[in-house]
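Visitor: Supplied structure: input.txt, compact mmCIF, C-alpha atoms.
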# COMPACT_ATOMS: atom_id res chain seq x y z
CA PRO X 2 -40.01 -37.10 -16.33
CA ASP X 3 -39.49 -36.49 -12.62
CA LEU X 4 -36.88 -38.85 -11.22
CA GLU X 5 -35.94 -39.58 -7.62
CA SER X 6 -32.54 -40.94 -8.67
CA PHE X 7 -30.33 -40.05 -11.60
CA ALA X 8 -28.11 -43.09 -11.16
CA PRO X 9 -27.80 -45.52 -14.10
CA ALA X 10 -30.41 -48.24 -14.28
CA GLY X 11 -27.84 -50.92 -13.44
CA ASP X 12 -28.13 -52.91 -16.67
CA GLY X 13 -26.30 -50.48 -18.91
CA GLN X 14 -29.33 -48.31 -19.66
CA SER X 15 -29.64 -44.62 -18.86
CA PRO X 16 -31.47 -43.28 -15.76
CA LEU X 17 -34.58 -42.76 -17.90
CA ALA X 18 -35.07 -46.53 -17.88
CA ASN X 19 -36.02 -46.23 -14.18
CA ALA X 20 -39.06 -44.06 -14.96
CA GLU X 21 -41.37 -46.94 -15.83
CA SER X 22 -44.58 -44.87 -15.89
CA TRP X 23 -42.99 -42.62 -18.51
CA LEU X 24 -41.13 -45.40 -20.29
CA ASN X 25 -44.16 -47.53 -21.10
CA THR X 26 -46.77 -45.64 -23.08
CA THR X 27 -49.08 -45.96 -26.09
CA HIS X 28 -48.67 -44.92 -29.71
CA ALA X 29 -51.74 -42.98 -30.89
CA PRO X 30 -51.03 -43.23 -34.67
CA SER X 31 -51.04 -47.01 -34.27
CA GLY X 32 -54.43 -47.07 -32.61
CA GLY X 33 -53.15 -46.92 -29.06
CA ALA X 34 -50.75 -49.83 -29.37
CA ALA X 35 -48.29 -50.37 -26.53
CA ALA X 36 -45.02 -48.54 -27.04
CA ARG X 37 -41.76 -47.99 -25.23
CA ARG X 38 -39.97 -44.68 -25.27
CA GLU X 39 -36.31 -44.46 -26.31
CA THR X 40 -33.91 -44.03 -23.39
CA ASN X 41 -30.67 -43.82 -25.36
CA THR X 42 -30.88 -40.05 -25.83
CA MET X 43 -28.33 -37.66 -27.27
CA PRO X 44 -25.39 -36.79 -24.99
CA GLN X 45 -24.99 -33.53 -23.14
CA TRP X 46 -23.08 -32.11 -26.11
CA ALA X 47 -26.36 -31.70 -27.97
CA GLY X 48 -27.47 -29.13 -25.41
CA SER X 49 -24.21 -27.46 -24.41
CA CYS X 50 -23.03 -26.92 -27.98
CA TRP X 51 -25.61 -24.29 -28.89
CA TYR X 52 -25.74 -22.42 -25.59
CA TYR X 53 -24.42 -19.26 -27.26
CA LEU X 54 -27.67 -19.09 -29.23
CA ARG X 55 -29.84 -19.58 -26.17
CA PHE X 56 -28.01 -16.78 -24.36
CA LEU X 57 -29.40 -14.41 -26.99
CA ASP X 58 -33.01 -15.30 -26.19
CA PRO X 59 -33.18 -17.34 -22.96
CA ASP X 60 -36.89 -16.84 -22.24
CA ASN X 61 -38.20 -17.83 -25.66
CA ALA X 62 -40.58 -20.77 -25.16
CA GLY X 63 -41.53 -21.12 -28.81
CA ALA X 64 -38.19 -21.30 -30.60
CA PRO X 65 -34.48 -21.86 -29.89
CA VAL X 66 -33.80 -18.19 -30.66
CA ASP X 67 -35.62 -15.26 -32.21
CA PRO X 68 -34.44 -14.86 -35.85
CA ALA X 69 -34.04 -11.10 -35.48
CA LEU X 70 -31.83 -11.46 -32.40
CA GLU X 71 -29.81 -14.20 -34.06
CA LYS X 72 -29.14 -12.08 -37.16
CA TYR X 73 -28.17 -9.08 -35.00
CA TRP X 74 -25.70 -10.85 -32.68
CA MET X 75 -24.30 -13.77 -34.62
CA PRO X 76 -21.68 -14.93 -35.33
CA VAL X 77 -19.72 -14.94 -32.04
CA ASP X 78 -16.76 -12.57 -32.45
CA LEU X 79 -14.16 -14.61 -30.58
CA TYR X 80 -13.88 -18.22 -29.39
CA VAL X 81 -11.11 -18.85 -26.85
CA GLY X 82 -10.34 -22.46 -26.00
CA GLY X 83 -7.58 -25.01 -25.70
CA VAL X 84 -6.36 -26.98 -28.70
CA GLU X 85 -8.15 -30.05 -27.33
CA HIS X 86 -11.45 -28.34 -28.17
CA ALA X 87 -10.75 -28.97 -31.85
CA VAL X 88 -12.08 -32.49 -31.29
CA LEU X 89 -14.42 -31.64 -28.42
CA HIS X 90 -16.70 -28.64 -27.90
CA LEU X 91 -15.58 -26.68 -30.95
CA LEU X 92 -16.14 -29.66 -33.23
CA TYR X 93 -19.59 -30.41 -31.85
CA ALA X 94 -20.65 -26.75 -31.74
CA ARG X 95 -19.77 -26.28 -35.41
CA PHE X 96 -21.56 -29.53 -36.29
CA TRP X 97 -24.80 -28.58 -34.55
CA HIS X 98 -24.64 -25.02 -35.89
CA LYS X 99 -24.40 -26.35 -39.44
CA VAL X 100 -27.42 -28.59 -38.75
CA LEU X 101 -29.35 -25.57 -37.51
CA PHE X 102 -28.22 -23.61 -40.58
CA ASP X 103 -29.56 -26.33 -42.87
CA CYS X 104 -32.82 -26.22 -40.90
CA GLY X 105 -33.07 -22.45 -41.35
CA VAL X 106 -32.77 -21.68 -37.63
CA VAL X 107 -29.56 -19.65 -37.94
CA SER X 108 -28.33 -17.30 -40.67
CA THR X 109 -24.58 -18.07 -40.59
CA LYS X 110 -22.77 -21.21 -41.70
CA GLU X 111 -20.15 -20.84 -38.97
CA PRO X 112 -20.88 -19.94 -35.34
CA PHE X 113 -17.54 -18.29 -34.50
CA ALA X 114 -15.74 -15.57 -36.44
CA ARG X 115 -12.32 -16.03 -34.88
CA LEU X 116 -10.58 -18.81 -32.95
CA VAL X 117 -7.77 -18.35 -30.41
CA ASN X 118 -6.14 -21.33 -28.68
CA GLN X 119 -4.72 -20.28 -25.35
CA GLY X 120 -1.38 -21.75 -24.35
CA MET X 121 -1.06 -24.26 -21.55
CA ILE X 122 0.31 -23.24 -18.15
CA LEU X 123 2.92 -25.80 -17.13
CA GLY X 124 4.09 -26.62 -13.64
CA GLU X 125 7.05 -25.00 -11.89
CA VAL X 126 10.39 -25.38 -13.67
CA GLU X 127 12.16 -28.48 -12.36
CA TYR X 128 15.95 -28.61 -12.17
CA GLY X 129 18.19 -31.64 -12.42
CA VAL X 130 21.92 -32.26 -12.46
CA TYR X 131 23.65 -35.23 -14.09
CA ARG X 132 26.14 -37.21 -12.02
CA ARG X 133 28.63 -39.81 -13.25
CA LEU X 134 27.93 -43.39 -12.22
CA ASP X 135 31.63 -44.28 -12.00
CA GLY X 136 33.63 -43.52 -8.86
CA ASP X 137 31.53 -42.49 -5.88
CA GLY X 138 28.68 -41.27 -8.10
CA THR X 139 28.76 -37.69 -6.84
CA VAL X 140 30.71 -35.97 -9.64
CA ALA X 141 28.44 -33.53 -11.49
CA VAL X 142 28.70 -33.21 -15.27
CA SER X 143 27.26 -30.57 -17.56
CA ALA X 144 24.02 -31.42 -19.35
CA ALA X 145 25.76 -30.41 -22.58
CA LEU X 146 28.06 -33.46 -22.24
CA VAL X 147 25.23 -35.99 -21.94
CA ASP X 148 23.83 -37.73 -25.02
CA ALA X 149 20.22 -37.47 -26.19
CA SER X 150 19.16 -40.55 -24.21
CA GLY X 151 20.19 -38.89 -20.95
CA THR X 152 21.95 -42.03 -19.74
CA VAL X 153 25.58 -41.86 -20.93
CA LEU X 154 28.27 -39.28 -21.63
CA LYS X 155 29.00 -38.25 -25.21
CA SER X 156 32.80 -38.25 -24.88
CA ASP X 157 33.52 -41.09 -22.43
CA ALA X 158 31.82 -44.04 -24.10
CA GLY X 159 30.27 -46.45 -21.66
CA VAL X 160 30.26 -44.07 -18.70
CA GLY X 161 26.70 -43.84 -17.45
CA VAL X 162 25.04 -40.90 -15.74
CA ARG X 163 22.02 -40.43 -13.52
CA LEU X 164 19.74 -37.42 -13.24
CA GLU X 165 19.32 -36.02 -9.75
CA ARG X 166 16.58 -33.52 -9.03
CA ILE X 167 17.82 -30.43 -7.20
CA ASP X 168 16.25 -27.39 -5.58
CA GLY X 169 15.93 -24.12 -7.44
CA ASP X 170 18.09 -22.37 -4.83
CA SER X 171 21.04 -24.49 -6.02
CA VAL X 172 21.03 -23.02 -9.52
CA MET X 173 21.44 -19.63 -11.17
CA LYS X 174 20.86 -18.23 -14.64
CA SER X 175 23.88 -17.95 -16.91
CA GLY X 176 23.08 -16.62 -20.36
CA GLU X 177 20.44 -18.84 -21.94
CA PHE X 178 20.98 -21.72 -19.49
CA PHE X 179 20.92 -22.56 -15.79
CA VAL X 180 24.07 -23.70 -13.99
CA LEU X 181 24.99 -24.91 -10.53
CA ARG X 182 25.52 -21.98 -8.21
CA ASP X 183 28.59 -23.65 -6.63
CA GLU X 184 29.88 -25.02 -9.97
CA PRO X 185 29.11 -22.47 -12.69
CA ASP X 186 30.73 -24.69 -15.35
CA VAL X 187 28.08 -27.37 -14.83
CA ARG X 188 24.95 -26.76 -16.86
CA VAL X 189 21.80 -28.24 -15.33
CA LEU X 190 18.65 -29.53 -16.94
CA ALA X 191 15.73 -27.09 -16.56
CA ARG X 192 12.33 -28.23 -17.74
CA ALA X 193 8.67 -27.53 -17.00
CA HIS X 194 6.13 -30.32 -17.33
CA LYS X 195 2.39 -30.44 -17.80
CA MET X 196 0.58 -30.23 -14.48
CA SER X 197 -0.58 -33.62 -13.24
CA LYS X 198 -1.43 -35.20 -9.91
CA SER X 199 0.94 -38.09 -10.57
CA ARG X 200 3.87 -35.68 -10.95
CA GLY X 201 2.80 -33.63 -7.95
CA ASN X 202 3.16 -30.25 -9.67
CA VAL X 203 -0.48 -29.14 -9.71
CA VAL X 204 -1.04 -25.57 -8.49
CA ASN X 205 -4.31 -24.96 -6.64
CA PRO X 206 -5.53 -21.42 -7.44
CA ASP X 207 -7.49 -21.32 -4.17
CA ALA X 208 -4.25 -21.69 -2.22
CA VAL X 209 -2.61 -18.93 -4.28
CA VAL X 210 -5.55 -16.58 -3.69
CA GLU X 211 -5.49 -17.29 0.04
CA LEU X 212 -1.76 -16.54 0.24
CA TYR X 213 -1.37 -13.60 -2.16
CA GLY X 214 -4.89 -12.43 -3.02
CA ALA X 215 -7.00 -12.68 -6.16
CA ASP X 216 -5.68 -9.42 -7.66
CA ALA X 217 -2.08 -10.64 -7.52
CA LEU X 218 -3.06 -13.91 -9.21
CA ARG X 219 -5.01 -12.14 -11.96
CA CYS X 220 -2.20 -9.67 -12.68
CA TYR X 221 0.39 -12.44 -12.75
CA LEU X 222 -1.65 -14.41 -15.28
CA MET X 223 -2.01 -11.32 -17.47
CA PHE X 224 1.74 -10.65 -17.41
CA MET X 225 2.89 -14.23 -18.00
CA GLY X 226 3.21 -13.66 -21.73
CA PRO X 227 1.27 -13.98 -24.99
CA LEU X 228 -2.08 -15.72 -24.58
CA ASP X 229 -1.35 -18.37 -27.20
CA GLN X 230 2.05 -19.51 -25.86
CA VAL X 231 2.94 -22.29 -23.42
CA LYS X 232 4.30 -20.84 -20.17
CA PRO X 233 5.70 -22.30 -16.91
CA TRP X 234 4.15 -21.37 -13.58
CA SER X 235 6.25 -19.49 -11.01
CA THR X 236 5.02 -18.97 -7.46
CA THR X 237 7.96 -16.62 -6.86
CA ALA X 238 6.69 -14.36 -9.62
CA VAL X 239 3.24 -14.26 -7.99
CA SER X 240 4.79 -13.05 -4.75
CA GLY X 241 6.60 -10.33 -6.71
CA MET X 242 3.30 -9.20 -8.24
CA ALA X 243 1.76 -9.09 -4.76
CA ARG X 244 4.57 -6.81 -3.57
CA PHE X 245 4.08 -4.56 -6.60
CA LEU X 246 0.35 -4.21 -5.92
CA SER X 247 1.10 -3.43 -2.28
CA ARG X 248 3.39 -0.58 -3.36
CA VAL X 249 0.71 0.75 -5.71
CA TRP X 250 -1.83 0.63 -2.88
CA ARG X 251 0.44 2.50 -0.49
CA LEU X 252 1.24 5.23 -3.02
CA VAL X 253 -2.18 5.70 -4.62
CA VAL X 254 -4.89 4.48 -2.24
CA ASP X 255 -3.46 4.83 1.24
CA THR X 256 -4.08 8.48 2.16
CA ASP X 257 -1.53 8.30 4.98
CA ALA X 258 1.28 7.42 2.57
CA GLU X 259 3.52 10.32 1.59
CA LEU X 260 6.46 10.62 -0.79
CA ASP X 261 9.65 11.89 0.76
CA PRO X 262 10.78 14.99 -1.22
CA ASP X 263 14.32 13.74 -0.90
CA ASP X 264 13.44 10.30 -2.21
CA ASP X 265 15.67 9.28 -5.12
CA GLY X 266 12.65 7.99 -6.99
CA LEU X 267 10.67 11.24 -6.80
CA PRO X 268 12.20 12.80 -9.97
CA LYS X 269 10.90 9.82 -11.90
CA VAL X 270 7.35 10.27 -10.63
CA HIS X 271 6.50 13.48 -12.47
CA PRO X 272 7.49 12.29 -15.99
CA SER X 273 5.58 9.07 -15.34
CA LEU X 274 2.45 10.99 -14.34
CA SER X 275 2.83 13.23 -17.37
CA ARG X 276 2.97 10.27 -19.75
CA ALA X 277 0.01 8.62 -18.02
Using the file provided, produce a representation of the structure as structure tokens.
Guide:
Amino acid sequence: PDLESFAPAGDGQSPLANAESWLNTTHAPSGGAAARRETNTMPQWAGSCWYYLRFLDPDNAGAPVDPALEKYWMPVDLYVGGVEHAVLHLLYARFWHKVLFDCGVVSTKEPFARLVNQGMILGEVEYGVYRRLDGDGTVAVSAALVDASGTVLKSDAGVGVRLERIDGDSVMKSGEFFVLRDEPDVRVLARAHKMSKSRGNVVNPDAVVELYGADALRCYLMFMGPLDQVKPWSTTAVSGMARFLSRVWRLVVDTDAELDPDDDGLPKVHPSLSRA
């Protein structure tokens, strides 16, 4: 029915309870007895979980999908979604598809031929250095010397430590670990966390696009690593991708750009073009 407001009724019922002219009706099989329509309808999952079928035949007013089109296109070749979809959309979509299969509406028992769970993009890597609580509390200790609880040293029993967050400019990579730039013997804690507002590490893609451009953002996402792995975000890497695209533009698109014949990189250009 047409509704002026889609707000809840106020007594726990759905917005449909506000449409009184639609709500109160008569039941013809019972001789026109007064009846009340059900307002506790199925959730939005019931509609959104079979959208892939409706995409095949969106203008069909007589059936969910034409059987010929369904047999031609189904099942969906690839479903890409986060692992949380196993108990959300993927679960409901498979449930409703099996219902439709039992009803003879679809020809396949499963709606999707292949499932890929994309990895989560974490926030920027956060760095921290442990400092001893004895003395003046400024002496840095390597993360390798701290026990699993992160509160005391392994060797000096009873000596507590505290974790102090430091800036990325204060550290450098050394082998598999990060160390203090001024104290290379001190290994720091480097960890990326799930993006959350409470932690303050959420990256707004609109801000990234405004600063570096959409192409740089897209290319960075494609080069982050395998689709199914968890990866930390790096704004520095996005800026590097933007510089790379700028160089490509100057060399390929900008007609005023010329290569210096004496350029050291010129001998590498011809083999690269040959391989391309």
Visitor: Which polymer residues have any atom within 12 Å of an atom of Glu177 in chain X, counting only C-alpha atoms, with same-chain residues fewer than 4 positions away left out, as a PyMOL selection string?
Guide: chain X and resi 173+188-191
Visitor: So the first atom is CA of Phe179 in chain X and the second is CA of Ala149 in chain X; what is the distance between them in Å, to one decimal place?
Guide: 18.2 Å
Visitor: Do you have the CA of Trp97 in chain X-CA of Leu17 in chain X distance handy?
Guide: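 Separation between CA of Trp97 in chain X and CA of Leu17 in chain X: 24.0 Å.
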Visitor: Could you tell me how far CA of Thr237 in chain X lies from CA of Leu181 in chain X, in Å and to one decimal?
Guide: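 Those two atoms sit 19.3 Å apart.
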Visitor: So, with only C-alpha atoms as the atoms that count, which of X:Leu116, X:Val130, X:Leu54, X:Ala243 lies closest to Leu212 in chain X?
Guide: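 With only C-alpha atoms as the atom set, the closest residue is X:Ala243.
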Visitor: When distances are computed from all atoms listed in the file, which of X:Leu89, X:Ala217, X:Val100, X:Leu154 shows the smallest separation from Val249 in chain X?
Guide: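 Smallest distance to Val249 in chain X is found for X:Ala217.
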Visitor: Using only C-alpha atoms, which residues sit within 12 Å of Leu218 in chain X once same-chain residues fewer than 2 positions away are excluded, as a PyMOL selection string?
Guide: chain X and resi 204-216+220-225+234-244+246
Visitor: Given all atoms listed in the file as the basis, pick out the residue of X:Glu111, X:Val66, X:Arg163, X:Val117 nearest to Thr139 in chain X.
Guide: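 Of all the options, X:Arg163 lies closest to Thr139 in chain X.
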Visitor: Contacts of Asn25 in chain X at 12 Å or less, counting all atoms listed in the file, minus same-chain residues fewer than 2 places along, as a ChimeraX atom specification?
Guide: /X:17-23,27-28,34-40
Visitor: Using C-alpha atoms, can you write the selected residues to a file as a compact mmCIF listing (two decimals), in the frame of the given file?
Guide:
# COMPACT_ATOMS: atom_id res chain seq x y z
CA LEU X 17 -34.58 -42.76 -17.90
CA ALA X 18 -35.07 -46.53 -17.88
CA ASN X 19 -36.02 -46.23 -14.18
CA ALA X 20 -39.06 -44.06 -14.96
CA GLU X 21 -41.37 -46.94 -15.83
CA SER X 22 -44.58 -44.87 -15.89
CA TRP X 23 -42.99 -42.62 -18.51
CA THR X 27 -49.08 -45.96 -26.09
CA HIS X 28 -48.67 -44.92 -29.71
CA ALA X 34 -50.75 -49.83 -29.37
CA ALA X 35 -48.29 -50.37 -26.53
CA ALA X 36 -45.02 -48.54 -27.04
CA ARG X 37 -41.76 -47.99 -25.23
CA ARG X 38 -39.97 -44.68 -25.27
CA GLU X 39 -36.31 -44.46 -26.31
CA THR X 40 -33.91 -44.03 -23.39
Visitor: Which is closest to Pro185 in chain X among X:Val142, X:Val147, X:Leu4, X:Leu252, if we use only C-alpha atoms?
Guide: X:Val142
Visitor: Skipping near chain neighbours, those fewer than 5 positions away, what residues fall within 10 Å of Val153 in chain X using only C-alpha atoms, listed as a PyMOL selection string?
Guide: chain X and resi 131+133-134+146-148+158-163
Visitor: With C-alpha atoms retained, export the selected residues as a compact mmCIF listing (two decimals), keeping the file's coordinate frame.
Guide:
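Contents of selection_15.txt, as written:
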# COMPACT_ATOMS: atom_id res chain seq x y z
CA TYR X 131 23.65 -35.23 -14.09
CA ARG X 133 28.63 -39.81 -13.25
CA LEU X 134 27.93 -43.39 -12.22
CA LEU X 146 28.06 -33.46 -22.24
CA VAL X 147 25.23 -35.99 -21.94
CA ASP X 148 23.83 -37.73 -25.02
CA ALA X 158 31.82 -44.04 -24.10
CA GLY X 159 30.27 -46.45 -21.66
CA VAL X 160 30.26 -44.07 -18.70
CA GLY X 161 26.70 -43.84 -17.45
CA VAL X 162 25.04 -40.90 -15.74
CA ARG X 163 22.02 -40.43 -13.52
Visitor: Using all atoms listed in the file, which of the listed residues (X:Val172, X:Met196, X:Leu92, X:Val253) sits closest to Ala47 in chain X?
Guide: X:Leu92
Visitor: Restricting the calculation to all atoms listed in the file: of X:Gly120, X:Asn41, X:Met75, X:Pro272, which residue gets closest to Leu57 in chain X?
Guide: X:Met75
